[in-house]
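Q: The structure is given below, and queries will be raised subsequently.
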Amino acid sequence: MIGCSKLLCGTATVAEVMRLQRDSEKLPAHMLQFSADMRPLVVWNMTNRCNLRCLHCYINAEDKSYHDELTNQEARAFIEDICAMKAPVLLFSGGEPLIHKDIFELGSYAKKLGTRPVISSNGTLIDTTIARQIKETGFEYVGISIDGVEETHDHFRQKKGCFKAAIKGIKNCLDAGVKAGVRITVNKHNYKDLPAVLDIVENEGIPRFCMYHLVYSGRGKEMVQDDLTHEQSRWVMSVLIDKTLDWNKRDVKAEILTTDNHADGVYLLQYVRKHMPEREQEVVELLKLHGGCSAGGKFSNVDPRGNVHPCQFWSHVTLGNIRQTKFSQIWTDMNANPLIDKLRNMQQHVKGRCGICNYKHLCGGCRIRAEVVNKDTWGQDPACYLTDAEISG
């Protein structure tokens, strides 16, 4: 995750990160990407069931019952284990996690045992009662997907009225005292809506905006040809840079982040080098502390049946199953899972443009996109929009 606000406006500093010893137990939530330990943020797809059927869903979720998902007892044991290993965040995802009958019980249990529980939702089910339950349970954040303006959003969600319901869900969370933010996955069909979505974030007083790059997984795998061109990616980043600086100047209390393309960090670094050279060394050090893609290291995924994956988009690679082996053991056993070791030392294995890039230690590219397009997990990331001059500069 690349913090535009942190890098461009200094809302996080190397001094502060080092003062807290890069310890995920001590770091506030907004600085966890700079931790040094391998206690991961865990994304738990607690159910495949969803009330929508979105075009770009990475797990092909549908509104139907799925068999063999973790029982309440198995889920509690899993939560006990990740809390014992001091995983800093448990993200309840889906499908649509608010469909799961045990979400509030399990969220409360996770909070009680010491991790930060958060939710990833489509927002359509969050009425005032649900928002109050989210608050009372102790969920610290709710990320809600907005795919563009109303017409665009409803098209992607394949259901009319989803946009209004999602915006209402965000408002209900904020009114209940729960921090909530907007998430958008950009592609050729919605990237021009980005300025309008940013205006919504400002006008509604939403404190966090995160832009996701498209990862070719699930139904998103069919959208390879719908990903942004390199020129479009650069335009998108220029929009985010301008808006970040504008909000900072006008003291708009909203953070801007991007995720799933660490070329963004290098692009921001080169902007800083040109326009605010006094911040260059600080930005370099923050990107080093982040270390590029966190899949298999500071980031993990557990699916509804207990399979452990390097990240939520890597569902075709299973590292183990928590029904047979504790998550903590799976995550720390390098001998059983050599892929984890490679992912944690990605710069030693990447090839092509990623391999010769002078910034591979700050990025590493997306291994899933490389695998889908190049048939090589360690090949170059096709979504890298940096020029040859930029990667060698």
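Chain lettering (A, B, ...) mirrors the order of the structure tokens, residue numbering begins at 1 for each chain separately, and ligand numbering begins at 1 in order of display.
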From a DSSP pass on the backbone, collect the residues of range 82-200 of chain A flagged as alpha helix (DSSP H) and hand them back as a VMD selection string.
A: chain A and resid 82 to 84 103 to 113 128 to 137 150 to 157 162 to 175 194 to 200
Q: If you count only C-alpha atoms, which residues fall within 7 Å of range 132-141 of chain A, apart from same-chain ones fewer than 6 positions away, as a PyMOL selection string?
A: chain A and resi 104+107-108+111+116-119+176-180
Q: Mind dumping a table of every range 229-261 of chain A residue within 6 Å of range 206-209 of chain A, with the nearest atom pair and its distance in Å to one decimal, using only C-alpha atoms, sorted by chain and rising number, as a tab-separated table?
A:
```
residue	atom	partner	partner_atom	distance
A:Ala254	CA	A:Pro207	CA	4.1
A:Glu255	CA	A:Arg208	CA	4.8
A:Ile256	CA	A:Phe209	CA	5.0
```
Q: Grab the residues selected above and save them as a PDB file, in the first residue's frame with N, CA and C atoms.
A:
```
ATOM      1  N   ALA A 254      -8.512  14.001   4.756  1.00  0.00           N
ATOM      2  CA  ALA A 254      -8.710  12.720   4.066  1.00  0.00           C
ATOM      3  C   ALA A 254      -7.372  12.238   3.531  1.00  0.00           C
ATOM      4  N   GLU A 255      -7.113  10.961   3.733  1.00  0.00           N
ATOM      5  CA  GLU A 255      -5.854  10.355   3.285  1.00  0.00           C
ATOM      6  C   GLU A 255      -6.060   9.667   1.945  1.00  0.00           C
ATOM      7  N   ILE A 256      -5.053   9.756   1.066  1.00  0.00           N
ATOM      8  CA  ILE A 256      -5.086   9.096  -0.237  1.00  0.00           C
ATOM      9  C   ILE A 256      -4.002   8.034  -0.287  1.00  0.00           C
TER      10      ILE A 256
END
```
Q: So which residues touch range 302-308 of chain A within 9 Å, counting only C-alpha atoms, skipping near sequence neighbours fewer than 4 positions away, as a list in words?
A: Val42, Val43, Trp44, Asn45, Met46, Thr47, Asn48, His67, Asp68, Glu69, Leu70, Glu74, Ala75, Phe78, Gly94, Gln312, Ser315, Val317, Thr318, Leu319, Gly320, Asn321, Ile322, Arg323, Phe327, Ile330 and Trp331 of chain A
Q: Got a sec: who's within 8 Å of Ser145 in chain A, counting only C-alpha atoms, leaving out chain neighbours fewer than 6 positions off, as a list in words?
A: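 So the residues in contact are Ser121, Asn122, Gly123, Ala166, Val182, Arg183 and Ile184 of chain A.
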Q: Write out as a list of chain:residue names which residues come within 12 Å of Tyr359 in chain A when counting only C-alpha atoms, dropping same-chain ones fewer than 5 positions away.
A: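 Once the adjacent positions are removed, what remains is A:His262, A:Ala263, A:Asp264, A:Gly265, A:Val266, A:Tyr267, A:Leu269, A:Gln270, A:Val284, A:Leu287, A:Lys288, A:Gly291, A:Gly292, A:Gln347, A:Val350, A:Arg353, A:Cys354, A:Gly364, A:Gly365, A:Cys384, A:Leu386, A:Asp388, A:Ala389, A:Glu390, A:Ile391, A:Ser392, A:Gly393.
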Q: Would you mind listing what lies within 12 Å of Asp381 in chain A as an NGL selection string, with only C-alpha atoms counted and same-chain residues fewer than 4 positions away left out?
A: :A and (215-216 or 230 or 260-263 or 293 or 350-355 or 357 or 360 or 363-377 or 385-386)
Q: With C-alpha atoms retained, could you export that selection as a compact mmCIF listing (two decimals), in the first residue's frame?
A:
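The file below, selection_31.txt, is the result:
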```
# COMPACT_ATOMS: atom_id res chain seq x y z
CA VAL A 215 -5.14 -7.75 -10.36
CA TYR A 216 -5.96 -10.52 -12.81
CA HIS A 230 0.58 2.81 -19.16
CA ASP A 260 -1.49 -3.43 -5.88
CA ASN A 261 1.08 -1.56 -7.96
CA HIS A 262 4.24 -0.52 -6.15
CA ALA A 263 5.46 1.30 -9.23
CA CYS A 293 4.87 -5.95 -2.36
CA VAL A 350 12.47 -11.16 -10.37
CA LYS A 351 13.34 -11.13 -14.08
CA GLY A 352 12.86 -8.99 -17.19
CA ARG A 353 12.35 -5.27 -16.60
CA CYS A 354 11.66 -5.98 -12.94
CA GLY A 355 15.03 -7.74 -12.70
CA CYS A 357 15.02 -2.08 -12.45
CA LYS A 360 13.22 -3.43 -7.45
CA CYS A 363 8.70 -2.45 -5.60
CA GLY A 364 9.14 -5.97 -6.97
CA GLY A 365 6.06 -5.81 -9.19
CA CYS A 366 2.93 -7.96 -8.95
CA ARG A 367 3.79 -11.64 -9.28
CA ILE A 368 0.23 -12.63 -10.16
CA ARG A 369 -0.03 -10.28 -13.13
CA ALA A 370 3.39 -11.51 -14.27
CA GLU A 371 2.26 -15.12 -14.02
CA VAL A 372 -1.01 -14.58 -15.91
CA VAL A 373 0.50 -12.59 -18.77
CA ASN A 374 4.05 -13.97 -19.01
CA LYS A 375 3.44 -17.51 -17.67
CA ASP A 376 6.32 -16.81 -15.29
CA THR A 377 5.75 -15.94 -11.63
CA TYR A 385 4.03 2.04 -16.39
CA LEU A 386 7.50 3.45 -15.65
```
Q: Which of these residues is nearest to Gly169 in chain A, using only C-alpha atoms: A:Asn190, A:Thr185, A:Ser294, A:Thr124?
A: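 Smallest separation from Gly169 in chain A among the options: A:Thr124.
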Q: Which residues are close to Asp193 in chain A, i.e. within 9 Å by only C-alpha atoms, leaving aside same-chain residues fewer than 2 positions away? Reply as a PyMOL selection string.
A: chain A and resi 147-149+152+189-191+195-198
Q: From the DSSP assignment of the backbone, select every residue of range 83-213 of chain A that is strand (DSSP E or B), and format the answer as an MDAnalysis selection string.
A: chainID A and resid 89:93 116:121 141:145 180:186 208:213
Q: Would you work out the distance separating CA of Glu25 in chain A from CA of Pro88 in chain A, expressed in Å to one decimal?
A: 6.5 Å
